[in-house]
Amino acid sequence: MGRHGKPTGLRGGVRGTEWATVRWVGSGVVLHPLGEIVQVAYVVNDVVEGARRWAERFGAGPFFVRHHIPMHDSVHRGRPAPFDHSNACGQWGSIMVELIQDHGTGPSVVRDMYAPGEEGLHHVACFVDDLDAGVAGYVALGYEVAGTGNAYGLTRVCYVDTIAERGHLTELYVPTGRLRDFYAMVAAAAQGWDGSDPVRLRE
């Protein structure tokens with residue numbers, strides 16, 4: 001267990017850089033250094049208020065809010081567990097920032113780090129070419145899978161427990177066309193943005 005009784009997610013004494021893509025060569029695993037992190041995410045108590053605060057204080061945005069994101073096949077620490085959450089995504093310089101609100105109190109990748117009412121850094125997100133191979137690479141290094149799911153039934157995601165070394169989880173997913181389009185839309189909305197209408201609801 002880590003700080004404040006939080007899971008460490010590291011079964012061995014592995015130290016090193018972050019990894020994303022994996023190639024299997026013979027019976028061994030060859031890991032390649034992680035490219036650019038595409039998103040940094042924070043837990044907030046209210047995504048709408050959080051988005052307004054981030055826009056006003058840090059100039060991030062505009063934020064696109066989706067309430068109660070459909071998460072199919074949600075698993076936490078190897079057990080089925082619902083993950084009822086909302087998020088707000090906006091551009092923060094060259095990177096996307098995601099604000100997450102967990103509506104539940106049961107086990108989840110959010111509750112692994114924060115009790116209800118607490119806020120803070122939660123994860124960084126990385127694109128991988130092959131999700132299963134990317135996860136296998138982390139597992140081979142001794143990290144544990146904290147949670148998996150399928151957002152909207154269209155995008156498989158995996159949260160790897162890297163809390164012990166990095167102070168946050170690491171989210172992996174494959175950049176499908178739909179996902180890339182969303183990232184591009186959020187980034188484009190920030191170009192020349194005058195600060196008006198900082199919180200925008202997504203259907």
# chains A, B, ... in the order shown; residues from 1 in each chain; ligands from 1

call {"tool": "closest_atom_pairs", "arguments": {"of": "stretch 125-159 of chain A", "to": "stretch 73-90 of chain A", "cutoff": "6 Å", "atoms": "only C-alpha atoms", "output": "JSON lines"}}
result
{"residue": "A:Ala146", "atom": "CA", "partner": "A:Arg77", "partner_atom": "CA", "distance": 5.1}
{"residue": "A:Gly147", "atom": "CA", "partner": "A:His76", "partner_atom": "CA", "distance": 4.4}
{"residue": "A:Thr148", "atom": "CA", "partner": "A:Val75", "partner_atom": "CA", "distance": 5.3}
{"residue": "A:Gly149", "atom": "CA", "partner": "A:Ser74", "partner_atom": "CA", "distance": 4.2}

call {"tool": "select_by_dssp", "arguments": {"residues": "stretch 39-101 of chain A", "states": "helix (DSSP H, G or I)", "output": "PyMOL selection string"}}
result
chain A and resi 47-58

call {"tool": "select_by_dssp", "arguments": {"residues": "stretch 17-200 of chain A", "states": "strand (DSSP E)", "output": "PDB file with C-alpha atoms, in the first residue's frame"}}
result
ATOM      1  CA  TRP A  19       6.380   2.761 -21.856  1.00  0.00           C
ATOM      2  CA  ALA A  20       3.546   2.534 -24.328  1.00  0.00           C
ATOM      3  CA  THR A  21       4.176   0.319 -27.339  1.00  0.00           C
ATOM      4  CA  VAL A  22       5.293  -3.272 -27.108  1.00  0.00           C
ATOM      5  CA  ARG A  23       6.790  -5.647 -29.649  1.00  0.00           C
ATOM      6  CA  TRP A  24       7.228  -9.341 -29.041  1.00  0.00           C
ATOM      7  CA  VAL A  25      10.593 -10.633 -30.261  1.00  0.00           C
ATOM      8  CA  GLY A  28      10.985 -11.680 -24.964  1.00  0.00           C
ATOM      9  CA  VAL A  29       9.291  -8.308 -24.745  1.00  0.00           C
ATOM     10  CA  VAL A  30      10.912  -5.259 -26.304  1.00  0.00           C
ATOM     11  CA  LEU A  31       9.478  -2.031 -24.895  1.00  0.00           C
ATOM     12  CA  HIS A  32       9.683   1.308 -26.638  1.00  0.00           C
ATOM     13  CA  PRO A  33       9.625   4.633 -24.759  1.00  0.00           C
ATOM     14  CA  GLN A  39      -4.025  14.108 -21.708  1.00  0.00           C
ATOM     15  CA  VAL A  40      -3.725  14.897 -18.021  1.00  0.00           C
ATOM     16  CA  ALA A  41      -6.749  14.297 -15.793  1.00  0.00           C
ATOM     17  CA  TYR A  42      -7.912  15.609 -12.428  1.00  0.00           C
ATOM     18  CA  VAL A  43     -10.675  14.510 -10.076  1.00  0.00           C
ATOM     19  CA  PHE A  63     -14.633  22.587 -21.849  1.00  0.00           C
ATOM     20  CA  PHE A  64     -16.984  20.012 -23.306  1.00  0.00           C
ATOM     21  CA  VAL A  65     -19.032  18.270 -20.613  1.00  0.00           C
ATOM     22  CA  ARG A  66     -20.653  14.855 -20.790  1.00  0.00           C
ATOM     23  CA  MET A  71     -19.174   2.740 -19.520  1.00  0.00           C
ATOM     24  CA  HIS A  72     -19.704  -0.839 -20.644  1.00  0.00           C
ATOM     25  CA  ASP A  73     -18.019  -3.931 -19.197  1.00  0.00           C
ATOM     26  CA  SER A  74     -16.506  -1.932 -16.347  1.00  0.00           C
ATOM     27  CA  VAL A  75     -14.099  -3.932 -14.180  1.00  0.00           C
ATOM     28  CA  HIS A  76     -12.194  -2.740 -11.114  1.00  0.00           C
ATOM     29  CA  ARG A  79     -14.209  -7.578 -10.368  1.00  0.00           C
ATOM     30  CA  PRO A  80     -17.189  -6.146 -12.262  1.00  0.00           C
ATOM     31  CA  HIS A  85     -18.867   9.311 -13.890  1.00  0.00           C
ATOM     32  CA  SER A  86     -19.034  12.569 -15.797  1.00  0.00           C
ATOM     33  CA  ASN A  87     -16.216  14.473 -17.409  1.00  0.00           C
ATOM     34  CA  ALA A  88     -15.229  17.802 -18.900  1.00  0.00           C
ATOM     35  CA  CYS A  89     -12.509  17.988 -21.540  1.00  0.00           C
ATOM     36  CA  GLY A  90     -10.720  21.136 -22.650  1.00  0.00           C
ATOM     37  CA  GLN A  91      -7.434  22.226 -24.143  1.00  0.00           C
ATOM     38  CA  TRP A  92      -4.670  23.421 -21.811  1.00  0.00           C
ATOM     39  CA  ILE A  95      -2.400  19.077 -24.070  1.00  0.00           C
ATOM     40  CA  MET A  96      -5.960  18.054 -23.249  1.00  0.00           C
ATOM     41  CA  VAL A  97      -7.080  18.321 -19.645  1.00  0.00           C
ATOM     42  CA  GLU A  98      -9.895  16.084 -18.411  1.00  0.00           C
ATOM     43  CA  LEU A  99     -11.883  16.761 -15.251  1.00  0.00           C
ATOM     44  CA  ILE A 100     -13.605  13.704 -13.762  1.00  0.00           C
ATOM     45  CA  GLN A 101     -16.500  13.506 -11.325  1.00  0.00           C
ATOM     46  CA  ASP A 102     -17.223  10.086  -9.818  1.00  0.00           C
ATOM     47  CA  GLY A 120      -6.467  16.161  -7.308  1.00  0.00           C
ATOM     48  CA  LEU A 121      -4.337  14.691 -10.079  1.00  0.00           C
ATOM     49  CA  HIS A 122      -5.665  11.328 -11.243  1.00  0.00           C
ATOM     50  CA  HIS A 123      -4.055  10.049 -14.446  1.00  0.00           C
ATOM     51  CA  VAL A 124      -2.263  10.771 -17.667  1.00  0.00           C
ATOM     52  CA  ALA A 125      -3.610   9.254 -20.879  1.00  0.00           C
ATOM     53  CA  CYS A 126      -1.484   7.760 -23.633  1.00  0.00           C
ATOM     54  CA  PHE A 127      -2.266   6.503 -27.110  1.00  0.00           C
ATOM     55  CA  GLU A 144      -1.225  -4.052 -11.960  1.00  0.00           C
ATOM     56  CA  VAL A 145      -4.339  -3.250 -13.950  1.00  0.00           C
ATOM     57  CA  ALA A 146      -6.562  -1.012 -11.832  1.00  0.00           C
ATOM     58  CA  GLY A 147      -9.569  -0.933 -14.121  1.00  0.00           C
ATOM     59  CA  THR A 148     -10.912  -1.534 -17.605  1.00  0.00           C
ATOM     60  CA  GLY A 149     -14.024  -0.593 -19.506  1.00  0.00           C
ATOM     61  CA  ASN A 150     -15.508   0.342 -22.833  1.00  0.00           C
ATOM     62  CA  ALA A 151     -16.537   3.990 -23.094  1.00  0.00           C
ATOM     63  CA  THR A 155     -13.494   2.753 -27.001  1.00  0.00           C
ATOM     64  CA  ARG A 156     -11.738   0.204 -24.792  1.00  0.00           C
ATOM     65  CA  VAL A 157      -9.732   1.802 -22.011  1.00  0.00           C
ATOM     66  CA  CYS A 158      -7.372   0.484 -19.374  1.00  0.00           C
ATOM     67  CA  TYR A 159      -6.090   2.177 -16.222  1.00  0.00           C
ATOM     68  CA  VAL A 160      -2.716   0.889 -15.070  1.00  0.00           C
ATOM     69  CA  ASP A 161      -1.756   1.448 -11.432  1.00  0.00           C
ATOM     70  CA  LEU A 169      -2.678   6.183 -12.791  1.00  0.00           C
ATOM     71  CA  THR A 170      -1.854   5.738 -16.470  1.00  0.00           C
ATOM     72  CA  GLU A 171      -4.734   5.374 -18.924  1.00  0.00           C
ATOM     73  CA  LEU A 172      -4.168   3.569 -22.210  1.00  0.00           C
ATOM     74  CA  TYR A 173      -6.350   3.500 -25.301  1.00  0.00           C
ATOM     75  CA  VAL A 199     -18.641  25.176 -20.462  1.00  0.00           C
ATOM     76  CA  ARG A 200     -20.439  23.422 -23.293  1.00  0.00           C
TER      77      ARG A 200
END

call {"tool": "residues_around", "arguments": {"residues": "A:Arg111", "least_positions_apart": "5", "cutoff": "10 Å", "atoms": "only C-alpha atoms", "output": "ChimeraX atom specification"}}
result
/A:6,43,102,104-106,116,118

call {"tool": "write_last_selection", "arguments": {"atoms": "N, CA and C atoms", "output": "PDB file, in the first residue's frame"}}
result
ATOM      1  N   LYS A   6      -3.109   3.934  -0.079  1.00  0.00           N
ATOM      2  CA  LYS A   6      -3.499   3.717  -1.466  1.00  0.00           C
ATOM      3  C   LYS A   6      -2.679   2.594  -2.075  1.00  0.00           C
ATOM      4  N   VAL A  43      -9.388  14.781 -10.714  1.00  0.00           N
ATOM      5  CA  VAL A  43     -10.675  14.510 -10.076  1.00  0.00           C
ATOM      6  C   VAL A  43     -11.203  15.813  -9.491  1.00  0.00           C
ATOM      7  N   ASP A 102     -16.716  11.434 -10.093  1.00  0.00           N
ATOM      8  CA  ASP A 102     -17.223  10.086  -9.818  1.00  0.00           C
ATOM      9  C   ASP A 102     -18.498  10.228  -9.003  1.00  0.00           C
ATOM     10  N   GLY A 104     -20.269   7.771  -7.799  1.00  0.00           N
ATOM     11  CA  GLY A 104     -20.452   6.664  -6.870  1.00  0.00           C
ATOM     12  C   GLY A 104     -19.568   6.778  -5.646  1.00  0.00           C
ATOM     13  N   THR A 105     -19.778   5.855  -4.727  1.00  0.00           N
ATOM     14  CA  THR A 105     -18.938   5.780  -3.523  1.00  0.00           C
ATOM     15  C   THR A 105     -18.253   4.426  -3.413  1.00  0.00           C
ATOM     16  N   GLY A 106     -18.615   3.506  -4.320  1.00  0.00           N
ATOM     17  CA  GLY A 106     -18.026   2.172  -4.293  1.00  0.00           C
ATOM     18  C   GLY A 106     -16.664   2.141  -4.954  1.00  0.00           C
ATOM     19  N   PRO A 116     -14.758  10.555  -1.495  1.00  0.00           N
ATOM     20  CA  PRO A 116     -15.715  11.583  -1.906  1.00  0.00           C
ATOM     21  C   PRO A 116     -15.373  12.924  -1.250  1.00  0.00           C
ATOM     22  N   GLU A 118     -12.744  14.763  -2.108  1.00  0.00           N
ATOM     23  CA  GLU A 118     -11.345  15.094  -2.375  1.00  0.00           C
ATOM     24  C   GLU A 118     -11.130  15.343  -3.868  1.00  0.00           C
TER      25      GLU A 118
END

call {"tool": "atom_distance", "arguments": {"atom1": "atom CA of A:Gly50", "atom2": "atom CA of A:Ala188"}}
result
21.1 Å

call {"tool": "residues_around", "arguments": {"residues": "A:Val139", "least_positions_apart": "2", "cutoff": "10 Å", "atoms": "only C-alpha atoms", "output": "mmCIF file with C-alpha atoms, in the first residue's frame"}}
result
data_model
loop_
_atom_site.group_PDB
_atom_site.id
_atom_site.type_symbol
_atom_site.label_atom_id
_atom_site.label_comp_id
_atom_site.auth_asym_id
_atom_site.auth_seq_id
_atom_site.Cartn_x
_atom_site.Cartn_y
_atom_site.Cartn_z
ATOM 1 C CA GLY A 9 0.322 -1.208 -8.093
ATOM 2 C CA LEU A 10 3.960 -2.291 -8.242
ATOM 3 C CA ARG A 11 4.754 -5.886 -7.366
ATOM 4 C CA ALA A 133 0.044 -5.392 -26.040
ATOM 5 C CA GLY A 134 0.442 -2.088 -24.235
ATOM 6 C CA VAL A 135 -1.165 -3.468 -21.083
ATOM 7 C CA ALA A 136 0.940 -6.620 -21.327
ATOM 8 C CA GLY A 137 4.056 -4.481 -21.367
ATOM 9 C CA LEU A 141 7.174 -4.759 -15.601
ATOM 10 C CA GLY A 142 5.195 -5.655 -12.493
ATOM 11 C CA TYR A 143 2.382 -3.111 -12.651
ATOM 12 C CA GLU A 144 -1.225 -4.052 -11.960
ATOM 13 C CA VAL A 145 -4.339 -3.250 -13.950
ATOM 14 C CA VAL A 160 -2.716 0.889 -15.070
ATOM 15 C CA ASP A 161 -1.756 1.448 -11.432
#

call {"tool": "atom_distance", "arguments": {"atom1": "atom CA of A:Gln191", "atom2": "atom CA of A:Gly61"}}
result
9.7 Å

call {"tool": "closest_residue", "arguments": {"among": "A:Gly93, A:Gly117, A:Gly153, A:Gly195", "to": "A:Val38", "atoms": "only C-alpha atoms"}}
result
A:Gly93

call {"tool": "residues_around", "arguments": {"residues": "A:Arg178", "least_positions_apart": "5", "cutoff": "12 Å", "atoms": "only C-alpha atoms", "output": "ChimeraX atom specification"}}
result
/A:151-152,154-155,183-185

call {"tool": "write_last_selection", "arguments": {"atoms": "C-alpha atoms", "output": "PDB file, in the first residue's frame"}}
result
ATOM      1  CA  ALA A 151     -16.537   3.990 -23.094  1.00  0.00           C
ATOM      2  CA  TYR A 152     -19.754   4.417 -25.054  1.00  0.00           C
ATOM      3  CA  LEU A 154     -16.838   2.137 -28.705  1.00  0.00           C
ATOM      4  CA  THR A 155     -13.494   2.753 -27.001  1.00  0.00           C
ATOM      5  CA  TYR A 183      -9.148  15.419 -29.559  1.00  0.00           C
ATOM      6  CA  ALA A 184      -8.920  17.533 -32.720  1.00  0.00           C
ATOM      7  CA  MET A 185     -12.275  19.198 -32.042  1.00  0.00           C
TER       8      MET A 185
END
